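J.: I have a structure here, written as structure tokens, and I will follow up with some questions on it.
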Amino acid sequence: MRGTQTVLTAAAAAGVRRVVLFTSAMVYGALPDNDVPFSEDAELRATP
């Protein structure tokens, strides 16, 4: 989480107006019964 804070602080200082976030949760399916963190061999359960 500290890495994310560092990147966002630097982006704001550089005048970046928009940050796009892609997360593996959407590939594996952002479901309440998922293991956290995901394992590399977790089943893909993305929703359409």
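FYI, nothing fancy with the structure tokens labels: chains A, B, ... in order, residues from 1 per chain, ligands from 1 as they appear.
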If we count only C-alpha atoms and set the cut-off at 10 Å, which residues sit around stretch 19-22 of chain A, ignoring sequence neighbours fewer than 6 positions away in its own chain? Please answer as a list in words.
T.: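 Counting only C-alpha atoms, the residues come to Leu8, Ala11 and Ala12 of chain A.
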J.: What gap, in Å, lies between atom CA of A:Gly29 and atom CA of A:Arg45?
T.: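 Between these atoms lies a distance of 4.7 Å.
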J.: Please return, as an MDAnalysis selection string, all residues of chain A that DSSP assigns to alpha helix (DSSP H) on the basis of the backbone.
T.: chainID A and resid 2:13 24:28
J.: Rounded to one decimal place, report the atom CA of A:Thr23-atom CA of A:Arg2 distance in Å.
T.: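 Going from atom CA of A:Thr23 over to atom CA of A:Arg2, I get 16.7 Å.
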J.: Find the residue from A:Thr4, A:Ala46, A:Arg17, A:Ala10 that sits nearest to A:Asn34; use only C-alpha atoms when measuring.
T.: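 Using only C-alpha atoms, A:Asn34 sits closest to A:Ala46.
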